[in-house]
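So this block is entry34.txt, compact mmCIF, C-alpha atoms:
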# COMPACT_ATOMS: atom_id res chain seq x y z
CA MET A 1 0.00 0.00 0.00
CA GLN A 2 1.36 3.40 -0.97
CA HIS A 3 1.46 6.36 1.35
CA HIS A 4 -0.35 9.51 0.10
CA SER A 5 2.86 11.54 -0.06
CA LEU A 6 4.41 8.94 -2.41
CA ILE A 7 1.58 9.19 -4.95
CA THR A 8 2.57 11.48 -7.80
CA ASP A 9 -0.48 11.10 -10.05
CA PRO A 10 -2.85 14.00 -9.23
CA THR A 11 -5.93 12.01 -10.27
CA GLU A 12 -5.01 9.11 -7.99
CA ARG A 13 -4.29 11.51 -5.12
CA LEU A 14 -7.66 13.25 -5.59
CA ALA A 15 -9.51 9.93 -5.85
CA ARG A 16 -7.93 8.72 -2.60
CA LYS A 17 -8.73 12.00 -0.86
CA ARG A 18 -12.39 11.85 -1.93
CA ALA A 19 -12.70 8.18 -0.98
CA GLY A 20 -11.19 8.95 2.42
CA ALA A 21 -13.64 11.80 2.99
CA LYS A 22 -16.59 9.57 2.09
CA LEU A 23 -15.29 6.78 4.32
CA GLY A 24 -14.96 9.32 7.13
CA TRP A 25 -18.61 10.25 6.72
CA TYR A 26 -19.67 6.58 6.81
CA VAL A 27 -17.70 6.07 10.04
CA HIS A 28 -19.30 9.22 11.47
CA ALA A 29 -22.78 7.93 10.50
CA GLY A 30 -22.06 4.52 12.04
CA ALA A 31 -20.95 6.09 15.31
CA TYR A 32 -24.04 8.32 15.26
CA LEU A 33 -26.33 5.32 14.86
CA ALA A 34 -24.59 3.20 17.50
CA VAL A 35 -24.40 5.92 20.15
CA ASN A 36 -27.92 7.20 19.56
CA LEU A 37 -29.36 3.70 19.66
CA LEU A 38 -27.73 3.27 23.07
CA LEU A 39 -29.08 6.65 24.18
CA VAL A 40 -32.61 5.72 23.04
CA VAL A 41 -32.43 2.49 25.06
CA LEU A 42 -31.20 4.39 28.14
CA SER A 43 -33.82 7.09 27.63
CA ALA A 44 -36.65 4.58 27.26
CA SER A 45 -35.53 2.61 30.32
CA SER A 46 -35.68 5.77 32.43
CA GLY A 47 -39.20 6.55 31.23
CA ARG A 48 -38.19 9.87 29.72
CA HIS A 49 -37.58 10.72 26.10
CA TRP A 50 -34.51 12.93 26.34
CA ALA A 51 -32.48 11.06 23.69
CA VAL A 52 -34.08 13.08 20.92
CA PHE A 53 -32.05 16.17 21.88
CA PRO A 54 -28.55 14.74 21.34
CA ALA A 55 -29.81 12.87 18.25
CA VAL A 56 -31.09 16.08 16.65
CA GLY A 57 -28.00 18.09 17.55
CA TRP A 58 -25.57 15.47 16.33
CA GLY A 59 -27.83 14.79 13.33
CA ILE A 60 -27.45 18.40 12.21
CA GLY A 61 -23.68 18.03 12.39
CA LEU A 62 -23.82 14.74 10.49
CA ALA A 63 -26.00 16.34 7.81
CA ILE A 64 -23.58 19.25 7.41
CA HIS A 65 -20.68 16.79 7.19
CA GLY A 66 -22.59 14.90 4.46
CA VAL A 67 -23.31 18.05 2.47
CA VAL A 68 -19.64 19.03 2.56
CA VAL A 69 -18.40 15.55 1.59
CA PHE A 70 -20.97 14.63 -1.06
CA PHE A 71 -21.93 18.00 -2.56
CA LEU A 72 -19.29 20.66 -1.89
CA ALA A 73 -15.98 18.80 -1.79
CA GLY A 74 -16.14 17.15 -5.19
CA GLY A 75 -18.54 14.28 -4.65
CA SER A 76 -20.97 15.84 -7.11
CA ASN A 77 -18.33 17.74 -9.11
CA LEU A 78 -19.84 21.01 -7.85
CA HIS A 79 -16.40 22.21 -6.76
CA GLU A 80 -14.87 21.43 -10.15
CA ARG A 81 -17.73 23.17 -11.97
CA MET A 82 -17.31 26.26 -9.79
CA VAL A 83 -13.53 26.29 -10.36
CA GLN A 84 -14.06 25.96 -14.12
CA ALA A 85 -16.65 28.75 -14.10
CA GLU A 86 -14.17 30.97 -12.27
CA ARG A 87 -11.43 30.12 -14.77
CA ASP A 88 -13.79 30.95 -17.64
CA ARG A 89 -14.78 34.25 -16.03
CA MET A 90 -11.15 35.19 -15.47
CA ALA A 91 -10.23 34.24 -19.03
CA ARG A 92 -13.01 36.46 -20.39
CA GLN A 93 -11.73 39.36 -18.30
CA GLY A 94 -8.08 38.68 -19.07
CA THR A 95 -7.35 38.34 -15.34
CA ARG A 96 -4.69 35.91 -14.12
CA SER A 97 -4.47 36.74 -10.38
Translate the structure of the given file into structure tokens.
Amino acid sequence: MQHHSLITDPTERLARKRAGAKLGWYVHAGAYLAVNLLLVVLSASSGRHWAVFPAVGWGIGLAIHGVVVFFLAGGSNLHERMVQAERDRMARQGTRS
């Protein structure tokens, strides 16, 4: 297995970076499910339904993480399209900096 700093191909490096970001989100989602399932069991056993509060708070963070990974950081090519649009705009204006 190659270390990221040894990879010279930019496409391979980008692919590994994106795959790592997606894997990180899946790990985050798995931890969210496991911990919140435990909290629901503890909440139900105490007769109170307090587990919804940490689930909602953490769920918001998980959703933001998902948006960044899958929509803004290249998962949907949004970033590349925005970079290309900026290049095109700069080329039309003759701007290089």
Can you tell me which residues surround Trp25 of chain A at a distance of at most 9 Å, considering all atoms listed in the file, apart from same-chain residues fewer than 6 positions away, and format the answer as a list of chain:residue names?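 Neighbouring residues, sequence-local ones excluded: A:Leu62, A:His65, A:Gly66, A:Val69.
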File of the preceding selection, C-alpha atoms, as an mmCIF file, keeping the file's coordinate frame:
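This is the output file selection20.cif:
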data_model
loop_
_atom_site.group_PDB
_atom_site.id
_atom_site.type_symbol
_atom_site.label_atom_id
_atom_site.label_comp_id
_atom_site.auth_asym_id
_atom_site.auth_seq_id
_atom_site.Cartn_x
_atom_site.Cartn_y
_atom_site.Cartn_z
ATOM 1 C CA LEU A 62 -23.820 14.740 10.490
ATOM 2 C CA HIS A 65 -20.680 16.790 7.190
ATOM 3 C CA GLY A 66 -22.590 14.900 4.460
ATOM 4 C CA VAL A 69 -18.400 15.550 1.590
#
Hey, can you check how far atom CA of Thr8 of chain A sits from atom CA of Gly20 of chain A?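 We find that atom CA of Thr8 of chain A and atom CA of Gly20 of chain A lie 17.3 Å from each other.
Put simply, atom CA of Glu80 of chain A is 21.7 Å away from atom CA of Ala63 of chain A.
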Of the candidates A:Ala21, A:Leu33, A:Leu14, A:Leu6, which shows the shortest atom-to-atom distance to Gly59 of chain A, using all atoms listed in the file?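 Using all atoms listed in the file, Gly59 of chain A sits closest to A:Leu33.
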Tell me which protein, DNA and RNA residues are within 9 Å of Asn36 of chain A, counting all atoms listed in the file, leaving out same-chain ones fewer than 6 positions away, and put them as a list in words.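 The neighbour list is Ala51, Val52, Pro54 and Ala55 of chain A.
If only C-alpha atoms are the atoms counted, then among A:Ile7, A:Ser43, A:Trp58, A:Asp88 the closest residue to Ala31 of chain A is A:Trp58.
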Of the residues A:His49, A:Met82, A:Gly57, A:Phe70, which is the one nearest to Tyr26 of chain A, using all atoms listed in the file? A:Phe70
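Taking atom CA of Leu38 of chain A as the reference point, atom CA of Val56 of chain A is found at 14.7 Å.
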